[in-house]
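Next up, protein.cif (mmCIF, C-alpha atoms and all ligand atoms):
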```cif
data_run
loop_
_atom_site.group_PDB
_atom_site.id
_atom_site.type_symbol
_atom_site.label_atom_id
_atom_site.label_comp_id
_atom_site.auth_asym_id
_atom_site.auth_seq_id
_atom_site.Cartn_x
_atom_site.Cartn_y
_atom_site.Cartn_z
ATOM 1 C CA MET A 122 -6.277 -27.327 8.120
ATOM 2 C CA GLN A 123 -7.088 -30.626 6.345
ATOM 3 C CA ALA A 124 -10.497 -29.260 5.384
ATOM 4 C CA LEU A 125 -8.913 -26.058 4.042
ATOM 5 C CA ILE A 126 -6.471 -28.115 1.993
ATOM 6 C CA ARG A 127 -9.331 -30.114 0.440
ATOM 7 C CA HIS A 128 -11.100 -26.820 -0.321
ATOM 8 C CA LEU A 129 -7.976 -25.366 -1.960
ATOM 9 C CA GLU A 130 -7.604 -28.512 -4.051
ATOM 10 C CA THR A 131 -11.119 -27.961 -5.365
ATOM 11 C CA GLN A 132 -10.513 -24.272 -5.983
ATOM 12 C CA THR A 133 -7.226 -24.678 -7.833
ATOM 13 C CA GLY A 134 -7.667 -28.110 -9.382
ATOM 14 C CA GLN A 135 -4.265 -29.062 -7.969
ATOM 15 C CA SER A 136 -3.617 -32.083 -5.824
ATOM 16 C CA LEU A 137 -1.884 -31.027 -2.615
ATOM 17 C CA GLN A 138 0.093 -34.144 -1.648
ATOM 18 C CA SER A 139 2.085 -34.396 1.631
ATOM 19 C CA PRO A 140 1.171 -30.913 2.878
ATOM 20 C CA ARG A 141 3.382 -29.196 5.450
ATOM 21 C CA PHE A 142 2.137 -26.096 7.247
ATOM 22 C CA SER A 143 4.279 -23.578 9.108
ATOM 23 C CA CYS A 144 3.445 -20.202 10.650
ATOM 24 C CA VAL A 145 4.897 -17.026 9.123
ATOM 25 C CA GLY A 146 5.336 -14.018 11.418
ATOM 26 C CA GLY A 147 5.649 -10.332 10.644
ATOM 27 C CA GLY A 148 2.111 -9.425 9.570
ATOM 28 C CA ASP A 149 0.104 -6.669 11.216
ATOM 29 C CA ILE A 150 -3.402 -7.822 10.493
ATOM 30 C CA ASN A 151 -3.708 -11.407 9.346
ATOM 31 C CA SER A 152 -2.384 -14.773 10.416
ATOM 32 C CA ALA A 153 -0.040 -16.154 7.800
ATOM 33 C CA TYR A 154 1.178 -19.633 6.914
ATOM 34 C CA ARG A 155 3.425 -21.382 4.476
ATOM 35 C CA LEU A 156 1.946 -24.459 2.825
ATOM 36 C CA GLN A 157 4.485 -26.680 1.104
ATOM 37 C CA THR A 158 3.511 -29.742 -0.862
ATOM 38 C CA ALA A 159 5.230 -31.997 -3.366
ATOM 39 C CA ASN A 160 4.500 -29.566 -6.198
ATOM 40 C CA SER A 161 3.611 -26.209 -4.645
ATOM 41 C CA ASP A 162 4.862 -23.646 -2.161
ATOM 42 C CA TRP A 163 2.222 -21.166 -1.040
ATOM 43 C CA PHE A 164 1.832 -18.235 1.348
ATOM 44 C CA ILE A 165 -1.641 -18.190 2.904
ATOM 45 C CA LYS A 166 -3.216 -15.304 4.785
ATOM 46 C CA LEU A 167 -6.265 -15.984 6.916
ATOM 47 C CA ASN A 168 -8.731 -13.673 8.591
ATOM 48 C CA ARG A 169 -12.409 -13.502 9.497
ATOM 49 C CA ALA A 170 -14.869 -14.319 6.704
ATOM 50 C CA ASP A 171 -16.395 -10.837 6.861
ATOM 51 C CA LEU A 172 -13.010 -9.432 5.741
ATOM 52 C CA ALA A 173 -13.045 -11.339 2.426
ATOM 53 C CA ALA A 174 -13.305 -8.085 0.439
ATOM 54 C CA MET A 175 -9.979 -6.981 1.914
ATOM 55 C CA PHE A 176 -8.291 -10.022 0.360
ATOM 56 C CA SER A 177 -10.045 -9.760 -2.985
ATOM 57 C CA ALA A 178 -8.913 -6.123 -3.213
ATOM 58 C CA GLU A 179 -5.359 -7.105 -2.280
ATOM 59 C CA ALA A 180 -5.449 -9.785 -4.970
ATOM 60 C CA ALA A 181 -6.712 -7.252 -7.535
ATOM 61 C CA GLY A 182 -3.856 -4.910 -6.611
ATOM 62 C CA LEU A 183 -1.221 -7.633 -6.879
ATOM 63 C CA ARG A 184 -2.593 -8.738 -10.250
ATOM 64 C CA GLU A 185 -2.599 -5.212 -11.613
ATOM 65 C CA LEU A 186 0.945 -4.587 -10.390
ATOM 66 C CA ALA A 187 1.986 -7.884 -11.981
ATOM 67 C CA SER A 188 0.295 -6.975 -15.264
ATOM 68 C CA ILE A 189 2.405 -3.821 -15.562
ATOM 69 C CA GLY A 190 5.380 -6.056 -15.004
ATOM 70 C CA THR A 191 8.122 -3.654 -13.941
ATOM 71 C CA LEU A 192 8.484 -5.126 -10.432
ATOM 72 C CA ARG A 193 8.093 -8.565 -8.882
ATOM 73 C CA VAL A 194 5.038 -9.107 -6.687
ATOM 74 C CA PRO A 195 3.787 -12.474 -5.393
ATOM 75 C CA GLU A 196 1.584 -14.319 -7.864
ATOM 76 C CA VAL A 197 -2.037 -14.701 -6.733
ATOM 77 C CA ILE A 198 -3.098 -18.354 -6.597
ATOM 78 C CA CYS A 199 -6.651 -17.902 -5.281
ATOM 79 C CA PHE A 200 -8.763 -16.203 -2.618
ATOM 80 C CA GLY A 201 -12.183 -16.677 -1.115
ATOM 81 C CA GLU A 202 -14.109 -17.758 1.965
ATOM 82 C CA PHE A 203 -14.075 -21.081 3.701
ATOM 83 C CA GLN A 204 -16.053 -21.855 6.867
ATOM 84 C CA GLN A 205 -15.486 -18.868 9.204
ATOM 85 C CA HIS A 206 -12.400 -17.686 7.319
ATOM 86 C CA ALA A 207 -11.424 -15.484 4.444
ATOM 87 C CA TYR A 208 -8.207 -16.558 2.747
ATOM 88 C CA LEU A 209 -5.703 -15.290 0.228
ATOM 89 C CA VAL A 210 -3.229 -17.729 -1.289
ATOM 90 C CA LEU A 211 -0.082 -16.378 -2.918
ATOM 91 C CA GLU A 212 3.089 -17.838 -4.282
ATOM 92 C CA PHE A 213 5.569 -18.212 -1.382
ATOM 93 C CA ILE A 214 8.736 -16.195 -1.957
ATOM 94 C CA GLU A 215 11.817 -16.665 0.225
ATOM 95 C CA LEU A 216 12.358 -13.047 1.310
ATOM 96 C CA GLY A 217 15.520 -11.309 2.480
ATOM 97 C CA SER A 218 16.718 -7.749 3.034
ATOM 98 C CA LEU A 219 17.335 -5.418 0.133
ATOM 99 C CA ASN A 220 21.063 -4.989 -0.371
ATOM 100 C CA SER A 221 22.604 -1.972 -2.055
ATOM 101 C CA TRP A 222 22.215 -3.415 -5.565
ATOM 102 C CA SER A 223 18.654 -4.647 -5.103
ATOM 103 C CA ALA A 224 17.584 -1.394 -3.395
ATOM 104 C CA SER A 225 18.857 0.584 -6.384
ATOM 105 C CA LEU A 226 17.076 -1.764 -8.782
ATOM 106 C CA PHE A 227 13.914 -1.479 -6.695
ATOM 107 C CA GLY A 228 14.070 2.327 -7.048
ATOM 108 C CA GLN A 229 14.437 2.023 -10.826
ATOM 109 C CA GLN A 230 11.633 -0.520 -11.160
ATOM 110 C CA LEU A 231 9.253 1.506 -8.989
ATOM 111 C CA ALA A 232 10.028 4.587 -11.090
ATOM 112 C CA ARG A 233 9.148 2.630 -14.246
ATOM 113 C CA LEU A 234 5.863 1.568 -12.689
ATOM 114 C CA HIS A 235 5.112 5.172 -11.727
ATOM 115 C CA ARG A 236 6.009 6.515 -15.161
ATOM 116 C CA GLN A 237 3.173 4.610 -16.807
ATOM 117 C CA PRO A 238 0.228 7.006 -16.958
ATOM 118 C CA GLN A 239 -3.153 5.683 -15.808
ATOM 119 C CA ALA A 240 -6.548 6.977 -16.913
ATOM 120 C CA TYR A 241 -7.827 8.632 -13.726
ATOM 121 C CA PHE A 242 -7.215 9.146 -10.004
ATOM 122 C CA GLY A 243 -8.815 6.559 -7.713
ATOM 123 C CA TRP A 244 -9.321 2.883 -8.473
ATOM 124 C CA PRO A 245 -12.141 0.613 -9.675
ATOM 125 C CA ILE A 246 -12.728 -0.894 -6.214
ATOM 126 C CA ASP A 247 -12.376 0.165 -2.586
ATOM 127 C CA ASN A 248 -9.667 -1.449 -0.480
ATOM 128 C CA THR A 249 -8.103 -1.020 2.966
ATOM 129 C CA ILE A 250 -5.105 0.774 4.409
ATOM 130 C CA GLY A 251 -4.082 -1.328 7.377
ATOM 131 C CA SER A 252 -7.561 -2.408 8.381
ATOM 132 C CA THR A 253 -9.117 1.013 7.675
ATOM 133 C CA PRO A 254 -11.459 1.321 4.668
ATOM 134 C CA GLN A 255 -9.832 3.189 1.788
ATOM 135 C CA HIS A 256 -12.344 4.676 -0.638
ATOM 136 C CA ASN A 257 -11.346 4.828 -4.283
ATOM 137 C CA ALA A 258 -13.899 6.702 -6.315
ATOM 138 C CA ARG A 259 -12.940 7.894 -9.792
ATOM 139 C CA TYR A 260 -11.639 11.492 -10.051
ATOM 140 C CA ASP A 261 -10.071 13.538 -12.819
ATOM 141 C CA ASP A 262 -8.724 16.049 -10.316
ATOM 142 C CA TRP A 263 -6.021 14.895 -7.909
ATOM 143 C CA VAL A 264 -6.472 17.723 -5.393
ATOM 144 C CA SER A 265 -10.160 16.880 -4.944
ATOM 145 C CA PHE A 266 -9.315 13.199 -4.636
ATOM 146 C CA TRP A 267 -6.715 13.795 -1.952
ATOM 147 C CA ARG A 268 -9.007 16.196 -0.108
ATOM 148 C CA ARG A 269 -12.169 14.080 -0.155
ATOM 149 C CA GLN A 270 -11.069 10.455 -0.412
ATOM 150 C CA ARG A 271 -7.886 10.571 1.612
ATOM 151 C CA LEU A 272 -7.307 13.340 4.192
ATOM 152 C CA GLY A 273 -10.990 14.240 4.530
ATOM 153 C CA LYS A 274 -11.962 10.610 5.161
ATOM 154 C CA GLN A 275 -9.290 10.103 7.817
ATOM 155 C CA LEU A 276 -10.336 13.343 9.555
ATOM 156 C CA GLN A 277 -13.934 12.060 9.587
ATOM 157 C CA PHE A 278 -12.779 8.752 11.080
ATOM 158 C CA ALA A 279 -10.778 10.706 13.665
ATOM 159 C CA ALA A 280 -13.846 12.775 14.605
ATOM 160 C CA ALA A 281 -15.862 9.567 15.024
ATOM 161 C CA ASN A 282 -13.046 8.222 17.217
ATOM 162 C CA GLY A 283 -13.327 11.275 19.482
ATOM 163 C CA TYR A 284 -10.468 13.398 18.101
ATOM 164 C CA GLY A 285 -12.198 16.770 17.746
ATOM 165 C CA GLY A 286 -10.848 20.198 18.685
ATOM 166 C CA SER A 287 -7.917 21.711 16.867
ATOM 167 C CA LEU A 288 -7.201 18.560 14.858
ATOM 168 C CA GLN A 289 -10.543 19.137 13.142
ATOM 169 C CA THR A 290 -10.480 22.942 12.901
ATOM 170 C CA GLN A 291 -6.911 23.074 11.630
ATOM 171 C CA GLY A 292 -7.528 20.014 9.489
ATOM 172 C CA GLU A 293 -10.493 21.755 7.840
ATOM 173 C CA LYS A 294 -8.312 24.781 7.090
ATOM 174 C CA LEU A 295 -5.754 22.522 5.487
ATOM 175 C CA LEU A 296 -8.380 20.752 3.373
ATOM 176 C CA GLU A 297 -9.494 24.119 1.975
ATOM 177 C CA ARG A 298 -5.945 25.073 1.032
ATOM 178 C CA ILE A 299 -4.634 21.805 -0.433
ATOM 179 C CA GLY A 300 -4.764 23.243 -3.948
ATOM 180 C CA ASP A 301 -2.056 25.754 -2.982
ATOM 181 C CA PHE A 302 0.503 22.931 -2.841
ATOM 182 C CA PHE A 303 -0.203 22.165 -6.488
ATOM 183 C CA SER A 304 -0.081 25.622 -8.083
ATOM 184 C CA ASP A 305 2.832 24.668 -10.334
ATOM 185 C CA TYR A 306 2.769 20.885 -10.082
ATOM 186 C CA HIS A 307 0.258 18.715 -11.902
ATOM 187 C CA PRO A 308 0.791 15.015 -11.271
ATOM 188 C CA HIS A 309 -0.497 12.345 -13.624
ATOM 189 C CA PRO A 310 -2.171 9.225 -12.192
ATOM 190 C CA SER A 311 0.308 6.387 -11.556
ATOM 191 C CA LEU A 312 -0.469 2.956 -10.167
ATOM 192 C CA LEU A 313 0.739 3.174 -6.554
ATOM 193 C CA HIS A 314 1.587 0.440 -4.090
ATOM 194 C CA GLY A 315 -0.207 2.634 -1.573
ATOM 195 C CA ASP A 316 1.314 1.269 1.648
ATOM 196 C CA LEU A 317 5.007 1.265 0.861
ATOM 197 C CA TRP A 318 6.710 1.149 4.238
ATOM 198 C CA GLY A 319 9.904 -0.866 4.743
ATOM 199 C CA GLY A 320 7.997 -3.938 5.961
ATOM 200 C CA ASN A 321 6.304 -4.345 2.578
ATOM 201 C CA ALA A 322 9.415 -4.588 0.393
ATOM 202 C CA ALA A 323 12.224 -7.128 0.323
ATOM 203 C CA SER A 324 14.309 -9.081 -2.124
ATOM 204 C CA ASP A 325 14.006 -12.658 -3.338
ATOM 205 C CA HIS A 326 16.912 -15.079 -3.029
ATOM 206 C CA GLN A 327 18.347 -13.890 -6.350
ATOM 207 C CA GLY A 328 18.380 -10.294 -5.123
ATOM 208 C CA GLN A 329 15.392 -9.245 -7.228
ATOM 209 C CA PRO A 330 13.207 -6.697 -5.415
ATOM 210 C CA VAL A 331 9.728 -7.811 -4.358
ATOM 211 C CA MET A 332 6.898 -5.733 -2.955
ATOM 212 C CA PHE A 333 3.760 -7.096 -1.324
ATOM 213 C CA ASP A 334 0.740 -6.227 0.828
ATOM 214 C CA PRO A 335 -0.361 -3.299 -1.389
ATOM 215 C CA ALA A 336 -3.244 -0.844 -0.988
ATOM 216 C CA CYS A 337 -3.272 0.129 -4.682
ATOM 217 C CA TYR A 338 -4.833 3.147 -6.339
ATOM 218 C CA TYR A 339 -3.999 5.584 -9.128
ATOM 219 C CA GLY A 340 -2.411 8.651 -7.601
ATOM 220 C CA ASP A 341 0.525 11.016 -7.436
ATOM 221 C CA ARG A 342 3.701 8.919 -7.309
ATOM 222 C CA GLU A 343 5.043 11.264 -4.630
ATOM 223 C CA ALA A 344 2.603 9.625 -2.198
ATOM 224 C CA ASP A 345 4.450 6.292 -2.564
ATOM 225 C CA ILE A 346 7.863 7.901 -2.210
ATOM 226 C CA ALA A 347 6.716 9.910 0.809
ATOM 227 C CA MET A 348 5.663 6.744 2.590
ATOM 228 C CA THR A 349 9.052 5.119 2.012
ATOM 229 C CA GLU A 350 10.468 7.979 4.079
ATOM 230 C CA LEU A 351 7.903 7.872 6.885
ATOM 231 C CA PHE A 352 9.327 4.950 8.833
ATOM 232 C CA GLY A 353 12.678 4.746 7.048
ATOM 233 C CA GLY A 354 14.424 1.632 5.828
ATOM 234 C CA PHE A 355 14.917 2.213 2.112
ATOM 235 C CA GLY A 356 18.345 3.841 2.035
ATOM 236 C CA ARG A 357 20.199 6.034 -0.367
ATOM 237 C CA ASP A 358 20.606 3.474 -3.177
ATOM 238 C CA PHE A 359 16.849 3.183 -3.509
ATOM 239 C CA TYR A 360 16.378 6.957 -3.884
ATOM 240 C CA ASP A 361 19.334 7.291 -6.257
ATOM 241 C CA GLY A 362 17.885 4.482 -8.361
ATOM 242 C CA TYR A 363 14.447 6.106 -8.395
ATOM 243 C CA ARG A 364 15.612 9.638 -9.160
ATOM 244 C CA GLY A 365 18.026 8.405 -11.827
ATOM 245 C CA GLU A 366 15.081 6.905 -13.675
ATOM 246 C CA TYR A 367 12.413 9.489 -12.874
ATOM 247 C CA PRO A 368 13.490 12.650 -11.004
ATOM 248 C CA LEU A 369 11.205 14.177 -8.384
ATOM 249 C CA ASP A 370 9.836 17.714 -8.486
ATOM 250 C CA ALA A 371 11.422 20.210 -6.063
ATOM 251 C CA GLY A 372 8.067 20.730 -4.310
ATOM 252 C CA TYR A 373 8.069 17.093 -3.186
ATOM 253 C CA LYS A 374 9.866 18.127 0.030
ATOM 254 C CA THR A 375 6.769 20.029 1.146
ATOM 255 C CA ARG A 376 4.089 17.731 -0.275
ATOM 256 C CA LYS A 377 5.751 14.755 1.418
ATOM 257 C CA THR A 378 4.210 15.936 4.701
ATOM 258 C CA LEU A 379 0.801 16.331 3.052
ATOM 259 C CA TYR A 380 0.998 12.711 1.875
ATOM 260 C CA ASN A 381 2.364 11.214 5.080
ATOM 261 C CA LEU A 382 -0.290 13.017 7.113
ATOM 262 C CA TYR A 383 -2.731 10.482 5.634
ATOM 263 C CA HIS A 384 -0.798 7.595 7.164
ATOM 264 C CA ILE A 385 -0.279 9.332 10.500
ATOM 265 C CA LEU A 386 -4.009 10.065 10.734
ATOM 266 C CA ASN A 387 -4.607 6.418 9.858
ATOM 267 C CA HIS A 388 -2.243 5.376 12.659
ATOM 268 C CA LEU A 389 -4.119 7.702 15.004
ATOM 269 C CA ASN A 390 -7.353 5.973 13.997
ATOM 270 C CA LEU A 391 -5.904 2.480 14.275
ATOM 271 C CA PHE A 392 -3.527 2.734 17.226
ATOM 272 C CA GLY A 393 -4.749 5.732 19.192
ATOM 273 C CA HIS A 394 -3.661 8.849 20.981
ATOM 274 C CA GLY A 395 0.102 8.408 20.591
ATOM 275 C CA TYR A 396 -0.134 9.788 17.034
ATOM 276 C CA LEU A 397 -2.202 12.893 17.845
ATOM 277 C CA SER A 398 0.644 15.316 18.501
ATOM 278 C CA GLN A 399 2.449 14.185 15.339
ATOM 279 C CA ALA A 400 -0.719 14.699 13.268
ATOM 280 C CA ASN A 401 -1.242 18.164 14.777
ATOM 281 C CA ALA A 402 2.393 19.091 14.198
ATOM 282 C CA MET A 403 2.221 18.018 10.538
ATOM 283 C CA ILE A 404 -0.937 20.034 9.947
ATOM 284 C CA GLY A 405 0.682 23.040 11.664
ATOM 285 C CA GLN A 406 3.794 22.679 9.514
ATOM 286 C CA LEU A 407 1.749 22.517 6.307
ATOM 287 C CA LEU A 408 -0.382 25.537 7.233
ATOM 288 C CA ALA A 409 2.779 27.469 8.088
ATOM 289 C CA GLU A 410 4.089 26.782 4.555
ATOM 290 C CA LEU A 411 1.042 28.553 3.166
ATOM 291 C CA LYS A 412 1.375 31.806 5.089
HETATM 292 P P1 LIG V 501 -0.348 -8.446 6.762
HETATM 293 O O1 LIG V 501 -1.359 -8.223 5.675
HETATM 294 O O2 LIG V 501 -0.905 -9.191 7.923
HETATM 295 O O3 LIG V 501 0.377 -7.178 7.173
HETATM 296 P P2 LIG V 501 1.859 -9.257 5.038
HETATM 297 O O4 LIG V 501 1.290 -9.372 3.662
HETATM 298 O O5 LIG V 501 2.632 -8.007 5.315
HETATM 299 O O6 LIG V 501 0.732 -9.453 6.146
HETATM 300 O O7 LIG V 501 2.752 -10.537 5.303
HETATM 301 C C1 LIG V 501 3.345 -10.786 6.571
HETATM 302 C C2 LIG V 501 4.809 -11.146 6.406
HETATM 303 O O8 LIG V 501 4.904 -12.337 5.625
HETATM 304 C C3 LIG V 501 5.598 -10.104 5.626
HETATM 305 O O9 LIG V 501 6.206 -9.193 6.490
HETATM 306 C C4 LIG V 501 6.605 -10.912 4.873
HETATM 307 O O10 LIG V 501 7.771 -11.096 5.649
HETATM 308 C C5 LIG V 501 5.950 -12.255 4.698
HETATM 309 N N1 LIG V 501 5.385 -12.414 3.323
HETATM 310 C C6 LIG V 501 4.447 -11.632 2.722
HETATM 311 N N2 LIG V 501 4.140 -12.104 1.507
HETATM 312 C C7 LIG V 501 4.888 -13.224 1.343
HETATM 313 C C8 LIG V 501 5.023 -14.183 0.290
HETATM 314 N N3 LIG V 501 4.298 -14.096 -0.826
HETATM 315 N N4 LIG V 501 5.915 -15.186 0.454
HETATM 316 C C9 LIG V 501 6.625 -15.300 1.590
HETATM 317 N N5 LIG V 501 6.551 -14.451 2.624
HETATM 318 C C10 LIG V 501 5.685 -13.413 2.504
#
```

Could you render the structure from this file as structure tokens?
Ligand code: ADP
Amino acid sequence: MQALIRHLETQTGQSLQSPRFSCVGGGDINSAYRLQTANSDWFIKLNRADLAAMFSAEAAGLRELASIGTLRVPEVICFGEFQQHAYLVLEFIELGSLNSWSASLFGQQLARLHRQPQAYFGWPIDNTIGSTPQHNARYDDWVSFWRRQRLGKQLQFAAANGYGGSLQTQGEKLLERIGDFFSDYHPHPSLLHGDLWGGNAASDHQGQPVMFDPACYYGDREADIAMTELFGGFGRDFYDGYRGEYPLDAGYKTRKTLYNLYHILNHLNLFGHGYLSQANAMIGQLLAELK
């Protein structure tokens, strides 16, 4: 760690006196540490050097979220490669649970982020969802983006992982019909967090909401809201806050499954067979809506 500290001193131009390292738990993919010194308090994620692009994309997402400024995200200090490691250094934020007030504020602030129209669907660079590659080409048409860059890609990964059969045949049918879910709904591109499950949002010690670990792209805001519902944890105050600021379309109830299917397919690809029946059931449910 001494060598890393010297490297970070060179990178940031800061002198890191009396450094104290501690491990931070809770991450899915990276090892994480807190580095406290006389004049800094940093959160450091480490992984293999070949995963450096994952951290540079995360940094780009955090910086873009910060530039819009509606919601607190950790400040990016620096990122790069050192010896066999890739690293991302962020401001350390003392995190706690969202209470009723901060959850409502989080909903409002996320809605304000989503209300800002972006220029296209996609994103300037590719990133990752979990550890899976997430491709972000530039599209003017959301339906094509969701078909080709999101569901289609995860179905291809699933085929390569040996999940053929009805997942693929039914999945193909769904891909052809995605446009039917958008006959009277035309979303504008919003900057999305992209991986907004309960483990990626919290509050700081003043109760201000914070979100972190994004997989940003410009997309339909419903995709972010859908993911908040996938594993639970956000509570009624959050949704009241969001809807009060920026109401959702009635068709969200159906499209929610279309959006969360992406994450369930990703879980199938990352964690295996346990997610297959859920993915099949979601595809079946969506196709049944179209009959
Ligand atoms: P991973 O990319 O491995 O999933 P996360 O970015 O989710 O890692 O971080 C792991 C845990 O560390 C989070 O669940 C959160 O509790 C904590 N954490 C994340 N970012 C910060 C930060 N900037 N300051 C303090 N703690 C953080």

I'd like the contact shell of Arg155 in chain A - 10 Å cut-off, all atoms listed in the file, skipping same-chain residues fewer than 3 positions apart - returned as a PyMOL selection string.
chain A and resi 140-145+158+162-166+210-214

Gln255 in chain A environment, 12 Å, only C-alpha atoms, sequence neighbours closer than 6 positions dropped, as a ChimeraX atom specification:
/A:174-175,178-179,243-249,266-267,269-275,278,315-316,335-338,383-384,387

Spatial neighbours of Tyr373 in chain A, 8 Å, all atoms listed in the file, chain gap at least 4 places, as a ChimeraX atom specification
/A:343,369,377

Output C-alpha atoms for every residue in that selection, as a PDB file, in the frame of the given file.
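Ended up saving to result_16.pdb:
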```pdb
ATOM      1  CA  GLU A 343       5.043  11.264  -4.630  1.00  0.00           C
ATOM      2  CA  LEU A 369      11.205  14.177  -8.384  1.00  0.00           C
ATOM      3  CA  LYS A 377       5.751  14.755   1.418  1.00  0.00           C
TER       4      LYS A 377
END
```

Check which residues of chain A sit at most 7 Å from ligand LIG 501 (chain V) using all atoms listed in the file, and return one row each with the closest pair of atoms and their distance in Å to one decimal, ordered by chain and rising number, as CSV.
```
residue,atom,partner,partner_atom,distance
A:Val145,CA,V:LIG501,O8,5.9
A:Gly146,CA,V:LIG501,C2,5.8
A:Gly147,CA,V:LIG501,O9,4.3
A:Gly148,CA,V:LIG501,O2,3.4
A:Asp149,CA,V:LIG501,O3,4.1
A:Ile150,CA,V:LIG501,O2,3.8
A:Asn151,CA,V:LIG501,O2,3.8
A:Ser152,CA,V:LIG501,O2,6.3
A:Ala153,CA,V:LIG501,C1,6.5
A:Phe164,CA,V:LIG501,N4,5.2
A:Pro195,CA,V:LIG501,N3,4.9
A:Leu211,CA,V:LIG501,N3,5.4
A:Glu212,CA,V:LIG501,N3,5.2
A:Phe213,CA,V:LIG501,N4,3.6
A:Ile214,CA,V:LIG501,N4,3.8
A:Glu215,CA,V:LIG501,C9,5.5
A:Leu216,CA,V:LIG501,N5,6.1
A:Gly320,CA,V:LIG501,O9,5.6
A:Asn321,CA,V:LIG501,O5,5.9
A:Phe333,CA,V:LIG501,N2,5.8
A:Asp334,CA,V:LIG501,O4,4.3
```

Can you tell me how far CA of Ala224 in chain A sits from CA of His388 in chain A, in Å to one decimal?
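Taking CA of Ala224 in chain A and CA of His388 in chain A, their separation equals 26.4 Å.
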
Go through A:Gln239, A:Asn257, A:Ser218, A:Thr378 and flag the residue nearest Gly319 in chain A, using only C-alpha atoms for the distances.
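Closest to Gly319 in chain A, using only C-alpha atoms: A:Ser218.
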
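Between Gly393 in chain A and the residues A:Gly182, A:Pro368, A:Pro254, A:Gly283, the shortest atom-to-atom distance, using all atoms listed in the file, involves A:Gly283.
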
Can you find the residues with an atom no farther than 10 Å from (1.2, 23.1, 4.2), counting only C-alpha atoms, and report them as a PyMOL selection string?
chain A and resi 295-296+298-299+301-302+375-379+403-412

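Between CA of Cys199 in chain A and CA of Ser177 in chain A lies a distance of 9.1 Å.
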
Using only C-alpha atoms for the distances, tell me which of A:His394, A:Arg169, A:Arg342, A:Lys294 is nearest to Ser311 in chain A.
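Once distances to Ser311 in chain A are computed over only C-alpha atoms, the minimum belongs to A:Arg342.
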
Can you give me, as a JSON list (two decimals) with C-alpha atoms, keeping the file's coordinate frame, the residues this file yields under the PyMOL selection byres (((chain A and resi 356-360) around 6) and not hetatm)?
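And here's expr33.json as it stands now:
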```
[["chain", "number", "residue", "atom", "x", "y", "z"],
["A", 221, "SER", "CA", 22.60, -1.97, -2.06],
["A", 224, "ALA", "CA", 17.58, -1.39, -3.40],
["A", 225, "SER", "CA", 18.86, 0.58, -6.38],
["A", 228, "GLY", "CA", 14.07, 2.33, -7.05],
["A", 354, "GLY", "CA", 14.42, 1.63, 5.83],
["A", 355, "PHE", "CA", 14.92, 2.21, 2.11],
["A", 361, "ASP", "CA", 19.33, 7.29, -6.26],
["A", 362, "GLY", "CA", 17.89, 4.48, -8.36],
["A", 363, "TYR", "CA", 14.45, 6.11, -8.40],
["A", 364, "ARG", "CA", 15.61, 9.64, -9.16]]
```

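Our summary of the geometry notes that CA of Ile250 in chain A is positioned 16.6 Å from CA of Leu209 in chain A.
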
One residue among A:Glu293, A:Asp325, A:Asp370, A:Asp261 is nearest to Tyr306 in chain A when using all atoms listed in the file, and that residue is A:Asp370

Which one of A:Arg233, A:His206, A:His309, A:Lys374 sits closest to Ala124 in chain A if you count only C-alpha atoms?
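Of A:Arg233, A:His206, A:His309, A:Lys374, the one nearest Ala124 in chain A, counting only C-alpha atoms, is A:His206.
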
Nearest candidate to Asp262 in chain A (options A:Ala187, A:Ala280, A:Ala170, A:Ala240; using all atoms listed in the file)
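Looking only at the distances to Asp262 in chain A, the closest residue turns out to be A:Ala240.
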
Neighbour list for Phe176 in chain A as a ChimeraX atom specification, cut-off 8 Å, all atoms listed in the file, skip fewer than 5 positions in-chain:
/A:200-201,207-209
